[in-house]
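**Student:** Structure in structure tokens, see below.
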Amino acid sequence: MTAALLAFTLIGAVTNASAAAPAEASVEVVEQLGGYIGDANFLDGDGNHVRLRDVAARGKPVVLTLIYFDCPMLCSLVQKGIIKGLNETDLRLGQDYAGLTVSFSPKDTFPEARLRQGSYLQTLAHAESARPADWPYLIGSAEAIRTLADSVGFHYRWDKDEQLFEHPAVSMVLGPAGKISRYLYGVEQNPRDLKLAILEAGQGRVGTTLDRVILRCFKYDPASKKYHFYVIGALRLGSGFFAIALAALLGTLWWREHKKAKA
């Protein structure tokens with residue numbers, strides 16, 4: 001990775017310094033796996049008041065991104081990357097998962113949120129029957145934003161000398177009740193890992209039977225931040241199929257012998 005690309009992966013820009021986080025804050029992700037996102041009041045793209053927990057706990061996995069609308073580079077890459085990854089799966093918005101994008105700049109407005117929502121979601125595949133409420137774009141006060149950011153371990157800061165927001169490039173997958181299930185790093189997402197993260201967060205209630213079978217053959221590796229083929233899981237799955245096949249075979253043989261004996 002070039003130095004320029006690395007810089008864009010870590011730094012976003014905003015034009016209004018008054019919207020900044022404290023300068024002394026660190027720029028990092030402190031994973032809060034197993035925790036729940038904080039609850040606070042936000043506004044959606046139509047100016048309606050919504051509770052964060054209500055839109056994050058909708059009975060299905062939620063893909064969460066934190067961006068701000070004036071960012072000239074990084075936030076756009078993160079958002080486009082997650083949509084591109086979703087487009088390369090067969091998962092459907094509103095059916096298999098929900099989306100949630102929250103601006104971490106208190107200067108952003110709900111007309112901007114509505115504009116960004118329309119711009120990004122029109123590029124999302126498999127969304128013919130989806131509604132805007134299936135992937136809301138939210139804005140909020142500095143206090144509400146801080147509640148969310150702290151709950152998911154998303155730490156950013158304002159560089160007043162460079163007039164830049166410095167922040168991580170990360171997306172998150174929440175379980176159906178708003179429980180933090182997985183962190184996905186970078187501006188490009190591997191479609192397989194993204195799908196597995198959503199299936200895993202869905203706790204067996206999302207995807208096809210084949211998807212759930214495949215999930216048992218892969219295990220998340222915290223060191224590499226990726227899903228890898230899980231030999232033991234595959235062997236256990238294979239032994240289960242073997243046992244079922246053997247039982248079916250024995251049942252068939254017994255039935256044939258039973259019919260012969262009656263004849």
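Identifiers for the structure tokens are assigned positionally: chains receive A, B, ... in sequence, residues are indexed from 1 per chain, and ligands are indexed from 1 in the order shown.
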For Leu52 in chain A, please output as an MDAnalysis selection string all residues within 12 Å (counting only C-alpha atoms; exclusion window: fewer than 3 positions along the same chain).
**Tutor:** chainID A and resid 36:44 49 55:58 64 100:102 136:140 144:145 147:149 151 177:178
**Student:** Using only N, CA and C atoms, please write the residues we just selected to a file, as a compact mmCIF listing (two decimals), in the first residue's frame.
**Tutor:**
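Wrote part_29.txt, looks like this:
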# COMPACT_ATOMS: atom_id res chain seq x y z
N TYR A 36 -23.28 -3.56 23.40
CA TYR A 36 -24.41 -3.02 22.66
C TYR A 36 -24.17 -1.55 22.35
N ILE A 37 -24.65 -1.11 21.21
CA ILE A 37 -24.45 0.29 20.86
C ILE A 37 -25.26 1.16 21.82
N GLY A 38 -24.70 2.34 22.10
CA GLY A 38 -25.36 3.25 23.02
C GLY A 38 -26.67 3.77 22.44
N ASP A 39 -27.55 4.20 23.33
CA ASP A 39 -28.85 4.68 22.90
C ASP A 39 -28.88 6.20 23.01
N ALA A 40 -29.33 6.85 21.94
CA ALA A 40 -29.42 8.32 21.92
C ALA A 40 -30.42 8.70 20.83
N ASN A 41 -30.83 9.95 20.84
CA ASN A 41 -31.79 10.45 19.85
C ASN A 41 -31.06 11.07 18.66
N PHE A 42 -31.52 10.73 17.46
CA PHE A 42 -30.96 11.25 16.22
C PHE A 42 -32.08 11.73 15.32
N LEU A 43 -31.72 12.30 14.18
CA LEU A 43 -32.68 12.69 13.15
C LEU A 43 -32.39 11.90 11.88
N ASP A 44 -33.45 11.45 11.19
CA ASP A 44 -33.24 10.77 9.93
C ASP A 44 -33.28 11.78 8.78
N HIS A 49 -37.41 12.44 14.45
CA HIS A 49 -36.62 12.00 15.60
C HIS A 49 -36.70 10.48 15.71
N VAL A 55 -33.49 1.76 15.63
CA VAL A 55 -33.12 1.50 14.24
C VAL A 55 -31.97 0.52 14.13
N ALA A 56 -31.31 0.22 15.26
CA ALA A 56 -30.22 -0.74 15.23
C ALA A 56 -30.66 -2.13 15.65
N ALA A 57 -31.80 -2.24 16.32
CA ALA A 57 -32.29 -3.53 16.80
C ALA A 57 -33.62 -3.83 16.14
N ARG A 58 -33.56 -4.29 14.89
CA ARG A 58 -34.78 -4.50 14.10
C ARG A 58 -35.01 -5.96 13.75
N LEU A 64 -23.34 -1.29 9.97
CA LEU A 64 -23.21 0.06 10.51
C LEU A 64 -21.95 0.74 9.98
N LEU A 100 -27.33 0.96 8.42
CA LEU A 100 -27.41 2.14 9.28
C LEU A 100 -26.14 2.95 9.09
N THR A 101 -26.29 4.19 8.65
CA THR A 101 -25.16 5.09 8.48
C THR A 101 -25.40 6.33 9.35
N VAL A 102 -24.42 6.68 10.17
CA VAL A 102 -24.54 7.81 11.10
C VAL A 102 -23.40 8.77 10.85
N PRO A 136 -31.39 3.76 7.06
CA PRO A 136 -31.47 5.19 7.36
C PRO A 136 -30.09 5.83 7.47
N TYR A 137 -30.03 7.10 7.11
CA TYR A 137 -28.84 7.93 7.31
C TYR A 137 -29.20 8.95 8.39
N LEU A 138 -28.44 8.97 9.48
CA LEU A 138 -28.81 9.76 10.64
C LEU A 138 -27.80 10.86 10.94
N ILE A 139 -28.30 11.94 11.54
CA ILE A 139 -27.45 13.00 12.08
C ILE A 139 -27.84 13.20 13.53
N GLY A 140 -26.94 13.80 14.31
CA GLY A 140 -27.25 14.00 15.72
C GLY A 140 -26.39 15.06 16.35
N ALA A 144 -24.94 13.00 21.34
CA ALA A 144 -25.48 11.75 20.82
C ALA A 144 -24.42 10.99 20.02
N ILE A 145 -23.66 11.73 19.21
CA ILE A 145 -22.60 11.10 18.41
C ILE A 145 -21.55 10.48 19.31
N THR A 147 -21.95 9.36 22.31
CA THR A 147 -22.51 8.16 22.93
C THR A 147 -22.34 6.95 22.00
N LEU A 148 -22.67 7.14 20.74
CA LEU A 148 -22.52 6.05 19.77
C LEU A 148 -21.06 5.68 19.57
N ALA A 149 -20.22 6.69 19.31
CA ALA A 149 -18.82 6.42 19.00
C ALA A 149 -18.12 5.69 20.15
N SER A 151 -19.51 3.82 22.43
CA SER A 151 -20.07 2.47 22.64
C SER A 151 -19.49 1.45 21.67
N ALA A 177 -30.28 -7.55 17.89
CA ALA A 177 -30.67 -6.75 19.05
C ALA A 177 -29.74 -5.56 19.26
N GLY A 178 -28.90 -5.25 18.27
CA GLY A 178 -27.97 -4.14 18.41
C GLY A 178 -26.67 -4.53 19.09
**Student:** Return as JSON, numbers by chain the full set of residues in range 4-211 of chain A whose backbone-based DSSP assignment is strand (DSSP E).
**Tutor:** {"A": [11, 12, 13, 28, 29, 41, 42, 43, 49, 50, 51, 62, 63, 64, 65, 66, 67, 98, 99, 100, 101, 102, 103, 137, 138, 154, 155, 157, 158, 159, 164, 165, 166, 170, 171, 172, 173, 174, 180, 181, 182, 183, 184, 185]}
**Student:** Residues near Ala113 in chain A, anyone? I mean within 6 Å using only C-alpha atoms, not counting same-chain ones fewer than 3 positions away, as a VMD selection string.
**Tutor:** chain A and resid 45 110 116 137
**Student:** Just to be explicit: take each residue in the selection above, keep N, CA and C atoms, and write the result as a compact mmCIF listing (two decimals), in the first residue's frame.
**Tutor:**
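Saved as part_14.txt:
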# COMPACT_ATOMS: atom_id res chain seq x y z
N GLY A 45 -33.23 11.29 7.56
CA GLY A 45 -33.16 12.17 6.40
C GLY A 45 -34.40 13.01 6.16
N PHE A 110 -30.08 17.19 8.11
CA PHE A 110 -30.87 16.07 7.60
C PHE A 110 -31.14 16.17 6.10
N ARG A 116 -27.42 12.07 0.64
CA ARG A 116 -26.41 11.00 0.63
C ARG A 116 -27.08 9.63 0.59
N TYR A 137 -30.03 7.10 7.11
CA TYR A 137 -28.84 7.93 7.31
C TYR A 137 -29.20 8.95 8.39
**Student:** To one decimal place in Å, what is the distance between CA of Glu128 in chain A and CA of Asp90 in chain A?
**Tutor:**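 Between CA of Glu128 in chain A and CA of Asp90 in chain A the gap works out to 13.0 Å.
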**Student:** Check the smallest atom-to-atom distance from each of A:Asp193, A:Asp150, A:Asp108, A:Glu200 to Cys71 in chain A using only C-alpha atoms, then report the winner.
**Tutor:**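 Smallest distance to Cys71 in chain A is found for A:Asp108.
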**Student:** Could you check how far CA of Gln95 in chain A sits from CA of Ile180 in chain A, in Å to one decimal?
**Tutor:**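 These atoms are spaced 19.7 Å apart.
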**Student:** Output as an MDAnalysis selection string all residues of range 37-197 of chain A that backbone DSSP marks as helix (DSSP H, G or I).
**Tutor:** chainID A and resid 52:56 74:87 110:121 132:134 142:152 191:197
**Student:** From the options A:Gly175, A:Gly35, A:Gly81, A:Pro72, which residue's atoms come nearest to Gly59 in chain A, counting only C-alpha atoms?
**Tutor:** A:Gly175
**Student:** For CA of Pro222 in chain A and CA of Leu77 in chain A, quote the distance in Å rounded to one decimal.
**Tutor:**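 Distance between the two atoms: 23.6 Å.
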**Student:** Of the candidates A:Pro191, A:Gly153, A:Gly47, A:Pro61, which one gets nearest to Lys179 in chain A if we count only C-alpha atoms?
**Tutor:**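 The answer is A:Pro61, which sits nearest to Lys179 in chain A.
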